[in-house]
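Input: a single structure, listed below in structure tokens.
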Amino acid sequence: MAEVIESTTLRAEEKNAFCREFEFSLASARARGCRAIKLRFSLNMKNELQKALRRCQKEGRILCSVLGEKIASGDGSTQYLLNKLPELEADADFMQRVDGVVFLYL
């Protein structure tokens, strides 16, 4: 059985390398049958990450994404993730409003 939530750290600090690493992580998790990804990233690359997330959501490759610092109990995206993946409640970073983390539902 595939892991439900994959945890990955994006280490690249240069735009093109970061985008390649992000795309690889997304494709790799999907190929293994993961339903969600928890990505850690450098705050220096936050703008690039947000661009990539918008593009992937527009293309339908990501159904939902929530940045760690935006997670809130009354937020619609947070509730969507919890409804789809109740096991997120056990994650140490979820609901802690952690910078440098994003949760993706594939």
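Residues are referred to by chain and number: the chain letter is A, B, ... according to the order shown in the structure tokens, the number counts from 1 in that chain, and ligands are numbered separately from 1 in the order shown.
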
Original post:
Quick one: residues within 12 Å of A:Ala31, only C-alpha atoms counted, chain neighbours fewer than 3 positions away excluded, as a list in words?
Top reply: Ala2, Glu3, Glu6, Phe24, Ser25, Leu26, Ala27, Ser28, Cys34, Arg35, Ala36 and Leu106 of chain A

Original post:
Which neighbours of A:Ser42 fall inside 9 Å, counting only C-alpha atoms, when residues of the same chain fewer than 6 positions from it are skipped, and could you give them as a PyMOL selection string?
Top reply: chain A and resi 9-13+100-101

Keeping only N, CA and C atoms, write the selected residues to a file as a JSON list (two decimals), in the first residue's frame.
```json
[["chain", "number", "residue", "atom", "x", "y", "z"],
["A", 9, "THR", "N", 12.02, 17.55, 1.40],
["A", 9, "THR", "CA", 12.65, 18.85, 1.57],
["A", 9, "THR", "C", 13.24, 19.29, 0.24],
["A", 10, "LEU", "N", 12.84, 20.46, -0.24],
["A", 10, "LEU", "CA", 13.42, 21.03, -1.45],
["A", 10, "LEU", "C", 14.63, 21.85, -1.03],
["A", 11, "ARG", "N", 15.80, 21.48, -1.53],
["A", 11, "ARG", "CA", 17.04, 22.09, -1.07],
["A", 11, "ARG", "C", 17.62, 23.13, -2.03],
["A", 12, "ALA", "N", 17.15, 23.16, -3.26],
["A", 12, "ALA", "CA", 17.71, 24.07, -4.26],
["A", 12, "ALA", "C", 17.49, 25.53, -3.86],
["A", 13, "GLU", "N", 18.47, 26.36, -4.16],
["A", 13, "GLU", "CA", 18.40, 27.79, -3.84],
["A", 13, "GLU", "C", 18.40, 28.64, -5.11],
["A", 100, "GLY", "N", 7.89, 27.94, 5.82],
["A", 100, "GLY", "CA", 8.78, 27.04, 5.11],
["A", 100, "GLY", "C", 8.23, 25.65, 4.91],
["A", 101, "VAL", "N", 6.92, 25.48, 5.08],
["A", 101, "VAL", "CA", 6.26, 24.19, 4.88],
["A", 101, "VAL", "C", 4.99, 24.43, 4.06]]
```

Original post:
Which of chain A counts as strand (DSSP E or B) under DSSP, as a list in words please?
Top reply: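 The strand (DSSP E or B) subset of chain A is Ile5, Glu6, Ser7, Thr8, Thr9, Ala36, Ile37, Lys38, Leu39, Arg40, Cys64, Ser65, Val66, Leu67, Val101, Val102, Phe103, Leu104 and Tyr105 of chain A.
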
**OP:** Within chain A, find each residue whose DSSP state, derived from the backbone, is helix (DSSP H, G or I), and express the selection as a PyMOL selection string.
**Re:** chain A and resi 15-31+43-59+68-70+76-84+86-90

Using N, CA and C atoms, can you export the residues from the last selection as a short mmCIF file (atom, residue, chain, number, x, y, z; two decimals), in the first residue's frame?
```
data_model
loop_
_atom_site.label_atom_id
_atom_site.label_comp_id
_atom_site.auth_asym_id
_atom_site.auth_seq_id
_atom_site.Cartn_x
_atom_site.Cartn_y
_atom_site.Cartn_z
N LYS A 15 16.53 29.40 -8.90
CA LYS A 15 15.18 29.31 -9.46
C LYS A 15 14.96 28.06 -10.32
N ASN A 16 15.78 27.86 -11.33
CA ASN A 16 15.55 26.73 -12.25
C ASN A 16 15.73 25.38 -11.55
N ALA A 17 16.74 25.29 -10.71
CA ALA A 17 16.97 24.04 -9.97
C ALA A 17 15.81 23.78 -9.01
N PHE A 18 15.30 24.84 -8.38
CA PHE A 18 14.17 24.69 -7.46
C PHE A 18 12.94 24.17 -8.21
N CYS A 19 12.66 24.75 -9.37
CA CYS A 19 11.50 24.33 -10.16
C CYS A 19 11.62 22.87 -10.60
N ARG A 20 12.82 22.47 -11.01
CA ARG A 20 13.03 21.06 -11.40
C ARG A 20 12.81 20.13 -10.20
N GLU A 21 13.36 20.52 -9.06
CA GLU A 21 13.22 19.71 -7.85
C GLU A 21 11.75 19.60 -7.43
N PHE A 22 11.02 20.72 -7.51
CA PHE A 22 9.60 20.72 -7.19
C PHE A 22 8.84 19.78 -8.12
N GLU A 23 9.06 19.91 -9.42
CA GLU A 23 8.37 19.06 -10.40
C GLU A 23 8.71 17.59 -10.19
N PHE A 24 9.98 17.28 -9.90
CA PHE A 24 10.38 15.90 -9.64
C PHE A 24 9.67 15.36 -8.41
N SER A 25 9.61 16.15 -7.34
CA SER A 25 8.94 15.70 -6.11
C SER A 25 7.47 15.41 -6.35
N LEU A 26 6.83 16.26 -7.11
CA LEU A 26 5.42 16.09 -7.43
C LEU A 26 5.20 14.81 -8.25
N ALA A 27 5.97 14.65 -9.31
CA ALA A 27 5.84 13.47 -10.18
C ALA A 27 6.20 12.18 -9.44
N SER A 28 7.22 12.25 -8.63
CA SER A 28 7.68 11.08 -7.88
C SER A 28 6.61 10.60 -6.89
N ALA A 29 6.04 11.54 -6.15
CA ALA A 29 5.00 11.18 -5.18
C ALA A 29 3.78 10.61 -5.89
N ARG A 30 3.38 11.23 -7.00
CA ARG A 30 2.23 10.75 -7.76
C ARG A 30 2.48 9.34 -8.29
N ALA A 31 3.69 9.09 -8.80
CA ALA A 31 4.03 7.77 -9.35
C ALA A 31 3.98 6.69 -8.28
N LEU A 43 12.78 29.74 2.64
CA LEU A 43 11.95 30.94 2.52
C LEU A 43 12.43 31.84 1.39
N ASN A 44 13.70 31.71 0.99
CA ASN A 44 14.22 32.47 -0.15
C ASN A 44 13.52 32.08 -1.45
N MET A 45 12.94 30.90 -1.49
CA MET A 45 12.31 30.38 -2.71
C MET A 45 10.78 30.43 -2.64
N LYS A 46 10.24 31.13 -1.67
CA LYS A 46 8.80 31.14 -1.47
C LYS A 46 8.04 31.68 -2.69
N ASN A 47 8.54 32.75 -3.32
CA ASN A 47 7.86 33.29 -4.50
C ASN A 47 7.83 32.29 -5.64
N GLU A 48 8.95 31.59 -5.84
CA GLU A 48 8.99 30.56 -6.90
C GLU A 48 8.03 29.42 -6.59
N LEU A 49 7.97 29.04 -5.33
CA LEU A 49 7.04 27.99 -4.92
C LEU A 49 5.60 28.41 -5.20
N GLN A 50 5.25 29.63 -4.82
CA GLN A 50 3.88 30.10 -5.02
C GLN A 50 3.52 30.13 -6.50
N LYS A 51 4.45 30.52 -7.36
CA LYS A 51 4.21 30.50 -8.81
C LYS A 51 3.96 29.06 -9.29
N ALA A 52 4.80 28.15 -8.83
CA ALA A 52 4.66 26.75 -9.23
C ALA A 52 3.34 26.16 -8.73
N LEU A 53 2.94 26.52 -7.51
CA LEU A 53 1.67 26.01 -6.96
C LEU A 53 0.48 26.52 -7.78
N ARG A 54 0.49 27.81 -8.11
CA ARG A 54 -0.61 28.37 -8.91
C ARG A 54 -0.69 27.68 -10.27
N ARG A 55 0.46 27.49 -10.91
CA ARG A 55 0.49 26.83 -12.22
C ARG A 55 -0.04 25.39 -12.13
N CYS A 56 0.42 24.65 -11.14
CA CYS A 56 0.00 23.25 -10.99
C CYS A 56 -1.49 23.14 -10.64
N GLN A 57 -2.00 24.07 -9.84
CA GLN A 57 -3.43 24.04 -9.51
C GLN A 57 -4.26 24.38 -10.74
N LYS A 58 -3.80 25.34 -11.52
CA LYS A 58 -4.50 25.72 -12.75
C LYS A 58 -4.54 24.55 -13.73
N GLU A 59 -3.44 23.79 -13.78
CA GLU A 59 -3.34 22.62 -14.67
C GLU A 59 -4.05 21.39 -14.10
N GLY A 68 2.17 26.53 5.31
CA GLY A 68 2.14 26.30 6.76
C GLY A 68 1.67 27.50 7.56
N GLU A 69 2.14 28.70 7.19
CA GLU A 69 1.76 29.88 7.97
C GLU A 69 0.32 30.31 7.72
N LYS A 70 -0.34 29.74 6.70
CA LYS A 70 -1.73 30.10 6.38
C LYS A 70 -2.74 29.11 6.95
N GLY A 76 -11.03 27.40 4.65
CA GLY A 76 -11.64 26.40 3.77
C GLY A 76 -10.65 25.39 3.24
N SER A 77 -9.46 25.84 2.83
CA SER A 77 -8.45 24.92 2.30
C SER A 77 -7.93 23.98 3.39
N THR A 78 -7.76 24.51 4.59
CA THR A 78 -7.32 23.68 5.72
C THR A 78 -8.36 22.61 6.01
N GLN A 79 -9.62 22.99 6.04
CA GLN A 79 -10.70 22.03 6.29
C GLN A 79 -10.79 20.98 5.20
N TYR A 80 -10.59 21.40 3.94
CA TYR A 80 -10.60 20.46 2.81
C TYR A 80 -9.52 19.40 3.02
N LEU A 81 -8.30 19.85 3.37
CA LEU A 81 -7.21 18.90 3.60
C LEU A 81 -7.53 17.94 4.74
N LEU A 82 -8.07 18.47 5.83
CA LEU A 82 -8.41 17.61 6.97
C LEU A 82 -9.52 16.62 6.63
N ASN A 83 -10.48 17.04 5.82
CA ASN A 83 -11.55 16.12 5.41
C ASN A 83 -11.00 15.01 4.53
N LYS A 84 -10.07 15.34 3.65
CA LYS A 84 -9.49 14.35 2.74
C LYS A 84 -8.44 13.49 3.43
N PRO A 86 -7.51 12.97 7.24
CA PRO A 86 -7.59 13.18 8.69
C PRO A 86 -6.28 12.87 9.42
N GLU A 87 -5.41 12.06 8.81
CA GLU A 87 -4.14 11.72 9.44
C GLU A 87 -3.21 12.94 9.56
N LEU A 88 -3.52 14.03 8.87
CA LEU A 88 -2.72 15.25 8.99
C LEU A 88 -2.74 15.81 10.42
N GLU A 89 -3.80 15.55 11.15
CA GLU A 89 -3.88 16.06 12.52
C GLU A 89 -2.74 15.55 13.38
N ALA A 90 -2.15 14.42 13.01
CA ALA A 90 -1.04 13.84 13.77
C ALA A 90 0.31 14.43 13.35
#
```

Original post:
Between A:Ile5, A:Leu104, A:Val98, A:Leu39, which has the minimum distance to A:Arg61 (counting only C-alpha atoms)?
Top reply: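 Closest residue, counting only C-alpha atoms: A:Leu104.
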
Original post:
Mind pulling up the distance from atom CA of A:Val4 to atom CA of A:Leu85?
Top reply: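 Spanning atom CA of A:Leu85 to atom CA of A:Val4 is a straight-line distance of 8.3 Å.
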